[in-house]
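Q: Please find one structure pasted underneath; my questions will follow.
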Amino acid sequence: MIVVADSGPLHYLILLEQVDLLRRFYGQVLVPQAVASELSTSGAPGVVREWITAPPSWVEVRPVASDVVAAITDDLDLGERSAIALAETLHADLLLIDEAAGRAEAKRRHLRVTGTLGVLRAGAEQGLVNVPDLLERLKATSFYLDETLLNAVFDPWLKP
């Protein structure tokens, strides 16, 4: 299975200490060089910078040809464009991306997508995460949370 990741899901799964779910579910994850650069900027949390500086063996950072990236709409940031370009080039089975405009562009290009919440839900379905605790921790980050979506995604685990 070929899985490509944008920075958002990696960023939040690292902060939530759930990034190993990616290895468990997908085996290997490909990360465009531009995404690795985003994760290593001084504005990224230290734990995220440290993780991408020495990524685990199941993460492979890959360059993406600039002409392929340039063919993706410039309405997106470089990391999103690079992730979509790499996924498209490799005919990836899945693209991990959170940002709505990026997801829309990926779907327009017939790429299968999921994001942070999709990975966490899969973890919940397999009993690998404590949903109430996880959602409290997620709310403490800068992750954009739509309560309606959150309730729809995690409803079975939120009922008393």
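Residues are named by chain letter and number: chains run A, B, ... in the order of the structure tokens, numbers start at 1 in each chain, and ligands are numbered from 1 in the order shown.
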Tell me which protein, DNA and RNA residues are within 9 Å of Val3 of chain A, counting only C-alpha atoms, leaving out same-chain ones fewer than 2 positions away, and put them as number ranges by chain.
A: A: 1, 5, 26-31, 87, 92-96
Q: Just want the 12 Å neighbourhood of Ala106 of chain A, counted on only C-alpha atoms, with same-chain residues fewer than 3 positions away dropped. Output as a PyMOL selection string.
A: chain A and resi 4+6+72-73+76+80-88+91-92+94-103+109-114
Q: Rounded to one decimal in Å, what is the spacing between atom CA of Ser66 of chain A and atom CA of Gly79 of chain A?
A: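 Interatomic distance, atom CA of Ser66 of chain A to atom CA of Gly79 of chain A: 11.9 Å.
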Q: Which residues, written as a PyMOL selection string, have at least one atom at most 9 Å from segment 125-133 of chain A, with only C-alpha atoms counted and residues fewer than 4 positions away on the same chain left out?
A: chain A and resi 18+21+120-121+137-138+154+157-158
Q: Go through segment 21-156 of chain A and collect every residue that DSSP, computed from the backbone, puts in strand (DSSP E or B); the answer should be as a list in words.
A: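 Residues of segment 21-156 of chain A classed as strand (DSSP E or B): Val29, Leu30, Val31, Pro32, Val59, Glu60, Val61, Arg62, Leu94, Leu95, Leu96, Val113 and Thr114 of chain A.
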Q: Convert the current residue selection to file output with C-alpha atoms, as a PDB file, in the first residue's frame.
A:
ATOM      1  CA  VAL A  29       4.420   6.393   4.821  1.00  0.00           C
ATOM      2  CA  LEU A  30       5.990   8.607   2.177  1.00  0.00           C
ATOM      3  CA  VAL A  31       6.560  12.254   3.022  1.00  0.00           C
ATOM      4  CA  PRO A  32       7.424  14.864   0.386  1.00  0.00           C
ATOM      5  CA  VAL A  59       8.825   6.990   7.082  1.00  0.00           C
ATOM      6  CA  GLU A  60      10.538   7.844   3.815  1.00  0.00           C
ATOM      7  CA  VAL A  61      11.127  11.469   2.842  1.00  0.00           C
ATOM      8  CA  ARG A  62      11.006  11.883  -0.936  1.00  0.00           C
ATOM      9  CA  LEU A  94      -4.167   6.931   0.155  1.00  0.00           C
ATOM     10  CA  LEU A  95      -3.285  10.567   0.835  1.00  0.00           C
ATOM     11  CA  LEU A  96      -3.285  11.800   4.433  1.00  0.00           C
ATOM     12  CA  VAL A 113      -7.994  10.762   1.219  1.00  0.00           C
ATOM     13  CA  THR A 114      -8.267  10.612   4.967  1.00  0.00           C
TER      14      THR A 114
END
Q: Identify all residues of chain A in alpha helix (DSSP H) (DSSP on the backbone) and supply them as a PyMOL selection string.
A: chain A and resi 7-15+20-26+33-39+46-53+66-70+78-89+100-108+116-125+131-139+147-158
Q: Could you check which of A:Thr116, A:Leu15, A:Thr53, A:Ile2 is closest to Thr41 of chain A, using only C-alpha atoms?
A: A:Thr53
Q: Which residues are close to Val19 of chain A, i.e. within 10 Å by only C-alpha atoms, leaving aside same-chain residues fewer than 6 positions away? Reply as a list of chain:residue names.
A: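 Skipping anything fewer than 6 positions along the chain leaves A:Pro9, A:Leu10, A:His11, A:Tyr12, A:Leu13, A:Trp51, A:Thr116, A:Val119, A:Leu120.
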Q: Those residues with N, CA and C atoms, as a PDB file, in the first residue's frame please?
A:
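The result, written out as out25.pdb:
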ATOM      1  N   PRO A   9      -1.763  15.880   9.260  1.00  0.00           N
ATOM      2  CA  PRO A   9      -1.938  14.645  10.025  1.00  0.00           C
ATOM      3  C   PRO A   9      -0.683  14.228  10.797  1.00  0.00           C
ATOM      4  N   LEU A  10       0.483  14.380  10.190  1.00  0.00           N
ATOM      5  CA  LEU A  10       1.713  14.032  10.910  1.00  0.00           C
ATOM      6  C   LEU A  10       1.875  14.913  12.144  1.00  0.00           C
ATOM      7  N   HIS A  11       1.718  16.210  11.965  1.00  0.00           N
ATOM      8  CA  HIS A  11       1.864  17.186  13.044  1.00  0.00           C
ATOM      9  C   HIS A  11       0.991  16.803  14.248  1.00  0.00           C
ATOM     10  N   TYR A  12      -0.298  16.595  13.997  1.00  0.00           N
ATOM     11  CA  TYR A  12      -1.219  16.349  15.105  1.00  0.00           C
ATOM     12  C   TYR A  12      -1.081  14.949  15.682  1.00  0.00           C
ATOM     13  N   LEU A  13      -0.804  13.958  14.846  1.00  0.00           N
ATOM     14  CA  LEU A  13      -0.610  12.610  15.382  1.00  0.00           C
ATOM     15  C   LEU A  13       0.660  12.536  16.230  1.00  0.00           C
ATOM     16  N   TRP A  51      10.933  14.779  15.742  1.00  0.00           N
ATOM     17  CA  TRP A  51      10.461  13.563  15.089  1.00  0.00           C
ATOM     18  C   TRP A  51      10.881  13.545  13.623  1.00  0.00           C
ATOM     19  N   THR A 116      -6.378  13.370   9.934  1.00  0.00           N
ATOM     20  CA  THR A 116      -6.124  13.087  11.336  1.00  0.00           C
ATOM     21  C   THR A 116      -7.308  12.381  11.985  1.00  0.00           C
ATOM     22  N   VAL A 119      -7.736   8.725  10.836  1.00  0.00           N
ATOM     23  CA  VAL A 119      -6.759   7.819  11.443  1.00  0.00           C
ATOM     24  C   VAL A 119      -7.137   7.543  12.896  1.00  0.00           C
ATOM     25  N   LEU A 120      -7.534   8.599  13.607  1.00  0.00           N
ATOM     26  CA  LEU A 120      -7.920   8.419  15.016  1.00  0.00           C
ATOM     27  C   LEU A 120      -9.177   7.566  15.141  1.00  0.00           C
TER      28      LEU A 120
END
Q: How many Å separate atom CA of Val48 of chain A from atom CA of Glu17 of chain A?
A: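 For atom CA of Val48 of chain A relative to atom CA of Glu17 of chain A, the distance reads 10.3 Å.
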Q: If I take atom CA of Ile14 of chain A and atom CA of Leu90 of chain A, how far is one from the other in Å, to one decimal?
A: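 Atom CA of Ile14 of chain A sits 24.9 Å away from atom CA of Leu90 of chain A.
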